[in-house]
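Notes follow once the structure below has been shown.
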Amino acid sequence: MNIIQAHQLMQDSFDSMERSGILEESFTIESSTVILGSGSSLDSLGFVTFISDLEERVSAETGKEHYLILTEIHEFNADQAFLSAGTLAQYIEKITE
Amino acid sequence: MESFETAKPIMVVTGTSKGIGKGIAQHFLADGYCVAGCSRGLSTIDDVNYLHTVVDVSDENQVRSWVRAIRQRFKRIDILVCNAGYAPANLLMSMTPGSVLTDLLQVNIAGSFYVCREVSKVMMLQRAGRIITTSSMAVGLHEEGTSAYSASKSAIVEMTKVMAKELAPAGITCNVIAPSMLMTDAVEDLGTAIIERALSRLTIKRMVTVEEICNIVGFYSAPASGCITGQVIHMGLVC
């Protein structure tokens, strides 16, 4: 899965959360969009929901079981105090290689 | 795996090959639930609405795969009864090998943790759910010879209370059942003397039944119990 596809899955997940009322409003995800940390639109519950939903989408898209392990994401980009959509997309690209 | 959506409530129960877990699964199957159960061995329940998977709950990856498969099949999970556990023979602390403690921590705490974590993710997506964990009368009795076991079951209570606070905003309740003694193969193996001694320490000095445990599961699971969370029901014992 490439980064563009990973971005699309994240967008699908956010759209789904908006439709189900978990997110109050929809927005377009960009590489710089903060998923976790200061500036994120997600509270802790929303973040876990997003990751769970995204795991399902990545697994369904690739036909293999994939899990988004937060500690692995942190190690993947340990210099940043927040998780951006771009970083998460790179991580998804890496684990689905 | 074939998936289908059903109006029947979906209950997940761990440790369904025997004892309390098997009794709970059979009770709620008879009540019209679909039950997804697991144990380290093969199924001992024959019911069209029962789905069994061989899972070692202390294995994080096995638990992840199992819960994901349940979600793919049933699309949702309404109730989790986290029952699987390990109860070794009583030993004074000075005689308890480290391996016994390690096994208890791995099965009773880590196993419950993994199952609750994975199922709670599904419930968070659906913004509803009931999680019921299993502690023990040992926590209230402070019985000699149960230091490692009681510690593991006490941890279940604390884990559940914290989980209750974390998951309340998602409409998920988390509660604990602390059964007293139920006549299972494992309990029978303890022998009459130990059983009678344990019963004598209880407030209600008799074995509990599976039906009495299921009554509490039903109570915690009921729609009208939506504001009951972080609670422990001790059976047969004043704590």
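Convention: chains lettered A, B, ... in structure tokens order; per-chain residue numbering from 1; ligands numbered from 1 as shown.
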
Quick one: contact table of chain B to chain A, 8 Å max, nearest atom pair and distance in Å to one decimal per residue, counting only C-alpha atoms, chain and number order, as JSON lines?
```
{"residue": "B:Ser65", "atom": "CA", "partner": "A:Glu65", "partner_atom": "CA", "distance": 7.8}
{"residue": "B:Lys121", "atom": "CA", "partner": "A:Ser52", "partner_atom": "CA", "distance": 6.1}
{"residue": "B:Val122", "atom": "CA", "partner": "A:Ser52", "partner_atom": "CA", "distance": 7.5}
{"residue": "B:Met124", "atom": "CA", "partner": "A:Thr49", "partner_atom": "CA", "distance": 6.1}
{"residue": "B:Leu125", "atom": "CA", "partner": "A:Thr49", "partner_atom": "CA", "distance": 5.7}
{"residue": "B:Pro169", "atom": "CA", "partner": "A:Leu45", "partner_atom": "CA", "distance": 7.8}
{"residue": "B:Ala170", "atom": "CA", "partner": "A:Leu45", "partner_atom": "CA", "distance": 7.4}
```

Using C-alpha atoms, can you export the residues from the last selection as a short mmCIF file (atom, residue, chain, number, x, y, z; two decimals), in the first residue's frame?
```
data_model
loop_
_atom_site.label_atom_id
_atom_site.label_comp_id
_atom_site.auth_asym_id
_atom_site.auth_seq_id
_atom_site.Cartn_x
_atom_site.Cartn_y
_atom_site.Cartn_z
CA SER B 65 -6.90 -12.43 15.50
CA LYS B 121 -12.07 -1.45 20.48
CA VAL B 122 -15.01 -3.11 18.74
CA MET B 124 -15.97 1.73 20.98
CA LEU B 125 -16.72 1.69 17.27
CA PRO B 169 -17.86 8.04 27.42
CA ALA B 170 -18.23 5.37 24.72
#
```

Exercise. Please identify all polymer residues within 6 Å of region 68-81 of chain B, counting only C-alpha atoms, omitting same-chain residues fewer than 5 positions from it, and present them as an MDAnalysis selection string.
Key: chainID B and resid 3:5 10:13 129:133

Please produce an output containing C-alpha atoms for each residue in the selection, written as a PDB file, in the first residue's frame.
```
ATOM      1  CA  SER B   3     -20.194 -13.188   7.909  1.00  0.00           C
ATOM      2  CA  PHE B   4     -23.767 -12.609   8.830  1.00  0.00           C
ATOM      3  CA  GLU B   5     -25.674 -10.012  10.748  1.00  0.00           C
ATOM      4  CA  ILE B  10     -23.732 -11.308  20.459  1.00  0.00           C
ATOM      5  CA  MET B  11     -21.908 -12.489  23.561  1.00  0.00           C
ATOM      6  CA  VAL B  12     -18.218 -13.324  23.767  1.00  0.00           C
ATOM      7  CA  VAL B  13     -17.131 -15.652  26.550  1.00  0.00           C
ATOM      8  CA  GLY B 129     -21.206  -2.659  25.078  1.00  0.00           C
ATOM      9  CA  ARG B 130     -21.032  -4.535  28.337  1.00  0.00           C
ATOM     10  CA  ILE B 131     -17.789  -5.905  29.704  1.00  0.00           C
ATOM     11  CA  ILE B 132     -17.933  -8.316  32.620  1.00  0.00           C
ATOM     12  CA  THR B 133     -14.767  -9.604  34.224  1.00  0.00           C
TER      13      THR B 133
END
```

Exercise. Quick one: pull the distance between CA of Cys82 (chain B) and CA of Leu42 (chain B), Å, one decimal.
Key: 18.2 Å

Write out as a PDB file with C-alpha atoms, in the first residue's frame the residues lying within 9 Å of Cys174 (chain B), counting only C-alpha atoms and excluding same-chain residues fewer than 4 positions away.
```pdb
ATOM      1  CA  GLY B 129     -21.206  -2.659  25.078  1.00  0.00           C
ATOM      2  CA  ARG B 130     -21.032  -4.535  28.337  1.00  0.00           C
ATOM      3  CA  ILE B 131     -17.789  -5.905  29.704  1.00  0.00           C
ATOM      4  CA  ILE B 132     -17.933  -8.316  32.620  1.00  0.00           C
ATOM      5  CA  THR B 133     -14.767  -9.604  34.224  1.00  0.00           C
ATOM      6  CA  THR B 160     -12.027  -3.197  35.489  1.00  0.00           C
ATOM      7  CA  LYS B 161     -12.638  -0.065  37.548  1.00  0.00           C
ATOM      8  CA  MET B 163     -11.506   0.519  32.318  1.00  0.00           C
ATOM      9  CA  ALA B 164     -14.991   1.533  33.447  1.00  0.00           C
ATOM     10  CA  LYS B 165     -13.876   5.155  33.712  1.00  0.00           C
ATOM     11  CA  LEU B 167     -14.882   3.507  28.451  1.00  0.00           C
ATOM     12  CA  ALA B 168     -17.885   5.239  30.014  1.00  0.00           C
ATOM     13  CA  TYR B 220     -25.057  -6.302  34.224  1.00  0.00           C
ATOM     14  CA  ILE B 228     -24.005   0.578  36.562  1.00  0.00           C
ATOM     15  CA  THR B 229     -20.272   0.494  35.975  1.00  0.00           C
ATOM     16  CA  GLY B 230     -17.106  -0.175  37.933  1.00  0.00           C
ATOM     17  CA  GLN B 231     -19.009  -2.349  40.386  1.00  0.00           C
TER      18      GLN B 231
END
```

Counting only C-alpha atoms, what is within 8 Å of Leu36 (chain A), bar same-chain residues fewer than 2 positions away, as a CSV table (one decimal) with N, CA and C atoms, in the first residue's frame?
```
chain,number,residue,atom,x,y,z
A,34,VAL,N,-2.7,16.9,12.3
A,34,VAL,CA,-2.3,16.2,13.5
A,34,VAL,C,-3.4,15.2,14.0
A,38,SER,N,-1.1,17.9,20.4
A,38,SER,CA,-1.7,19.3,20.3
A,38,SER,C,-2.2,19.6,18.9
A,39,GLY,N,-3.4,20.1,18.9
A,39,GLY,CA,-4.0,20.5,17.6
A,39,GLY,C,-4.8,19.4,16.9
A,40,SER,N,-4.9,18.2,17.5
A,40,SER,CA,-5.7,17.1,17.0
A,40,SER,C,-7.2,17.4,17.2
A,42,LEU,N,-9.2,15.0,17.5
A,42,LEU,CA,-9.6,13.8,18.1
A,42,LEU,C,-9.3,13.8,19.6
A,47,PHE,N,-9.5,9.0,19.1
A,47,PHE,CA,-8.2,8.5,18.6
A,47,PHE,C,-8.2,7.0,18.5
A,82,PHE,N,4.1,14.7,18.3
A,82,PHE,CA,2.8,14.5,17.9
A,82,PHE,C,2.8,13.5,16.7
A,83,LEU,N,1.6,13.0,16.4
A,83,LEU,CA,1.5,12.1,15.2
A,83,LEU,C,0.8,12.8,14.1
A,84,SER,N,1.4,12.9,13.0
A,84,SER,CA,0.7,13.5,11.9
A,84,SER,C,0.1,12.5,10.9
```

Do a neighbour search on Gln90 (chain A) at 9 Å with only C-alpha atoms, toss out local chain neighbours closer than 2 positions, and write the hits as a PDB file with C-alpha atoms, in the first residue's frame.
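Contents of out.pdb, freshly written:
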```
ATOM      1  CA  ASN A   2       1.410   3.388  -0.894  1.00  0.00           C
ATOM      2  CA  ILE A   3       1.117   6.644   0.994  1.00  0.00           C
ATOM      3  CA  ALA A   6      -3.048   5.113   3.183  1.00  0.00           C
ATOM      4  CA  PHE A  76       9.231   5.091  13.589  1.00  0.00           C
ATOM      5  CA  ALA A  85      -1.324  11.947   9.097  1.00  0.00           C
ATOM      6  CA  GLY A  86       1.813  11.923   6.974  1.00  0.00           C
ATOM      7  CA  THR A  87       3.780   9.982   9.580  1.00  0.00           C
ATOM      8  CA  LEU A  88       0.949   7.525  10.036  1.00  0.00           C
ATOM      9  CA  ILE A  92       1.119   2.076   7.137  1.00  0.00           C
ATOM     10  CA  GLU A  93       3.144   1.935   3.940  1.00  0.00           C
ATOM     11  CA  LYS A  94       5.994   0.308   5.857  1.00  0.00           C
ATOM     12  CA  ILE A  95       3.962  -2.383   7.630  1.00  0.00           C
TER      13      ILE A  95
END
```

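Assigned to helix (DSSP H, G or I) in region 67-114 of chain B, given DSSP computed from backbone atoms, are B:Val67, B:Arg68, B:Ala69, B:Ile70, B:Arg71, B:Gln72, B:Arg73, B:Phe74, B:Met93, B:Ser94, B:Met95, B:Gly98, B:Ser99, B:Val100, B:Leu101, B:Thr102, B:Asp103, B:Leu104, B:Leu105, B:Gln106, B:Val107, B:Asn108, B:Ile109, B:Ala110, B:Gly111, B:Ser112, B:Phe113, B:Tyr114.
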
Practice problem: Enumerate as JSON, numbers by chain all residues of region 26-117 of chain B assigned to strand (DSSP E or B) by DSSP on the backbone, naming them with the chain letters and numbers the document uses. | Solution: {"B": [34, 35, 36, 37, 38, 39, 50, 51, 52, 53, 54, 79, 80, 81, 82]}

Export N, CA and C atoms of the chosen residues as a PDB file, in the first residue's frame?
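And here is the file that came out, selection-v4.pdb:
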```
ATOM      1  N   CYS B  34     -26.280 -15.387  20.345  1.00  0.00           N
ATOM      2  CA  CYS B  34     -25.173 -15.991  19.633  1.00  0.00           C
ATOM      3  C   CYS B  34     -23.960 -15.859  20.536  1.00  0.00           C
ATOM      4  N   VAL B  35     -23.231 -16.928  20.733  1.00  0.00           N
ATOM      5  CA  VAL B  35     -22.080 -16.896  21.631  1.00  0.00           C
ATOM      6  C   VAL B  35     -20.815 -17.281  20.866  1.00  0.00           C
ATOM      7  N   ALA B  36     -19.806 -16.443  20.997  1.00  0.00           N
ATOM      8  CA  ALA B  36     -18.474 -16.785  20.483  1.00  0.00           C
ATOM      9  C   ALA B  36     -17.606 -17.091  21.690  1.00  0.00           C
ATOM     10  N   GLY B  37     -17.146 -18.312  21.751  1.00  0.00           N
ATOM     11  CA  GLY B  37     -16.358 -18.719  22.907  1.00  0.00           C
ATOM     12  C   GLY B  37     -14.971 -19.165  22.516  1.00  0.00           C
ATOM     13  N   CYS B  38     -14.121 -19.270  23.518  1.00  0.00           N
ATOM     14  CA  CYS B  38     -12.773 -19.770  23.245  1.00  0.00           C
ATOM     15  C   CYS B  38     -12.253 -20.539  24.445  1.00  0.00           C
ATOM     16  N   SER B  39     -11.312 -21.385  24.159  1.00  0.00           N
ATOM     17  CA  SER B  39     -10.556 -22.059  25.215  1.00  0.00           C
ATOM     18  C   SER B  39      -9.290 -22.583  24.565  1.00  0.00           C
ATOM     19  N   TYR B  50     -23.362 -21.264  18.397  1.00  0.00           N
ATOM     20  CA  TYR B  50     -22.105 -21.172  19.144  1.00  0.00           C
ATOM     21  C   TYR B  50     -20.922 -21.284  18.189  1.00  0.00           C
ATOM     22  N   LEU B  51     -20.002 -20.351  18.294  1.00  0.00           N
ATOM     23  CA  LEU B  51     -18.788 -20.368  17.480  1.00  0.00           C
ATOM     24  C   LEU B  51     -17.592 -20.524  18.411  1.00  0.00           C
ATOM     25  N   HIS B  52     -16.869 -21.629  18.240  1.00  0.00           N
ATOM     26  CA  HIS B  52     -15.722 -21.868  19.124  1.00  0.00           C
ATOM     27  C   HIS B  52     -14.408 -21.655  18.387  1.00  0.00           C
ATOM     28  N   THR B  53     -13.444 -21.085  19.093  1.00  0.00           N
ATOM     29  CA  THR B  53     -12.100 -20.912  18.547  1.00  0.00           C
ATOM     30  C   THR B  53     -11.094 -21.341  19.612  1.00  0.00           C
ATOM     31  N   VAL B  54     -10.087 -22.049  19.169  1.00  0.00           N
ATOM     32  CA  VAL B  54      -9.012 -22.420  20.102  1.00  0.00           C
ATOM     33  C   VAL B  54      -8.085 -21.217  20.251  1.00  0.00           C
ATOM     34  N   ILE B  79     -21.760  -8.116  24.365  1.00  0.00           N
ATOM     35  CA  ILE B  79     -21.379  -8.431  25.750  1.00  0.00           C
ATOM     36  C   ILE B  79     -20.100  -9.275  25.741  1.00  0.00           C
ATOM     37  N   LEU B  80     -19.197  -8.923  26.616  1.00  0.00           N
ATOM     38  CA  LEU B  80     -18.007  -9.753  26.838  1.00  0.00           C
ATOM     39  C   LEU B  80     -18.039 -10.280  28.267  1.00  0.00           C
ATOM     40  N   VAL B  81     -17.901 -11.577  28.403  1.00  0.00           N
ATOM     41  CA  VAL B  81     -17.703 -12.165  29.732  1.00  0.00           C
ATOM     42  C   VAL B  81     -16.295 -12.744  29.748  1.00  0.00           C
ATOM     43  N   CYS B  82     -15.436 -12.053  30.461  1.00  0.00           N
ATOM     44  CA  CYS B  82     -14.028 -12.412  30.490  1.00  0.00           C
ATOM     45  C   CYS B  82     -13.826 -13.380  31.653  1.00  0.00           C
TER      46      CYS B  82
END
```

Quiz prompt | Residue contacts of Thr28 (chain A) (12 Å, only C-alpha atoms) excluding same-chain residues fewer than 3 positions away, as a PyMOL selection string | solution = chain A and resi 7-15+18+25+31-34+41+85

Grab the residues selected above and save them as an mmCIF file, in the first residue's frame with N, CA and C atoms.
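Output contents, as saved in part08.cif:
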```
data_model
loop_
_atom_site.group_PDB
_atom_site.id
_atom_site.type_symbol
_atom_site.label_atom_id
_atom_site.label_comp_id
_atom_site.auth_asym_id
_atom_site.auth_seq_id
_atom_site.Cartn_x
_atom_site.Cartn_y
_atom_site.Cartn_z
ATOM 1 N N HIS A 7 -3.480 7.480 2.914
ATOM 2 C CA HIS A 7 -4.193 8.746 3.169
ATOM 3 C C HIS A 7 -5.684 8.588 2.889
ATOM 4 N N GLN A 8 -5.985 7.907 1.804
ATOM 5 C CA GLN A 8 -7.397 7.731 1.438
ATOM 6 C C GLN A 8 -8.136 6.916 2.501
ATOM 7 N N LEU A 9 -7.469 5.882 3.008
ATOM 8 C CA LEU A 9 -8.108 5.078 4.051
ATOM 9 C C LEU A 9 -8.343 5.909 5.313
ATOM 10 N N MET A 10 -7.384 6.759 5.619
ATOM 11 C CA MET A 10 -7.564 7.643 6.790
ATOM 12 C C MET A 10 -8.739 8.586 6.557
ATOM 13 N N GLN A 11 -8.816 9.108 5.353
ATOM 14 C CA GLN A 11 -9.933 10.003 5.029
ATOM 15 C C GLN A 11 -11.260 9.261 5.139
ATOM 16 N N ASP A 12 -11.288 8.030 4.615
ATOM 17 C CA ASP A 12 -12.515 7.214 4.699
ATOM 18 C C ASP A 12 -12.912 7.002 6.156
ATOM 19 N N SER A 13 -11.907 6.762 6.974
ATOM 20 C CA SER A 13 -12.176 6.515 8.391
ATOM 21 C C SER A 13 -12.744 7.773 9.061
ATOM 22 N N PHE A 14 -12.132 8.909 8.782
ATOM 23 C CA PHE A 14 -12.645 10.165 9.347
ATOM 24 C C PHE A 14 -14.062 10.451 8.846
ATOM 25 N N ASP A 15 -14.295 10.208 7.575
ATOM 26 C CA ASP A 15 -15.629 10.442 7.021
ATOM 27 C C ASP A 15 -16.658 9.545 7.709
ATOM 28 N N GLU A 18 -17.420 10.821 11.083
ATOM 29 C CA GLU A 18 -18.282 12.007 11.004
ATOM 30 C C GLU A 18 -19.732 11.601 10.753
ATOM 31 N N GLU A 25 -17.633 17.420 12.874
ATOM 32 C CA GLU A 25 -17.634 17.953 11.510
ATOM 33 C C GLU A 25 -16.595 17.225 10.655
ATOM 34 N N SER A 31 -1.195 15.814 4.865
ATOM 35 C CA SER A 31 -0.023 15.206 5.511
ATOM 36 C C SER A 31 0.267 15.825 6.866
ATOM 37 N N SER A 32 0.027 17.110 6.976
ATOM 38 C CA SER A 32 0.368 17.822 8.210
ATOM 39 C C SER A 32 -0.733 17.737 9.266
ATOM 40 N N THR A 33 -1.858 17.151 8.920
ATOM 41 C CA THR A 33 -2.962 17.060 9.890
ATOM 42 C C THR A 33 -2.505 16.288 11.119
ATOM 43 N N VAL A 34 -2.722 16.883 12.298
ATOM 44 C CA VAL A 34 -2.302 16.232 13.538
ATOM 45 C C VAL A 34 -3.362 15.214 13.954
ATOM 46 N N SER A 41 -7.987 16.980 16.235
ATOM 47 C CA SER A 41 -9.445 17.093 16.390
ATOM 48 C C SER A 41 -10.017 15.925 17.183
ATOM 49 N N ALA A 85 -0.772 12.878 10.082
ATOM 50 C CA ALA A 85 -1.324 11.947 9.097
ATOM 51 C C ALA A 85 -0.227 11.445 8.164
#
```
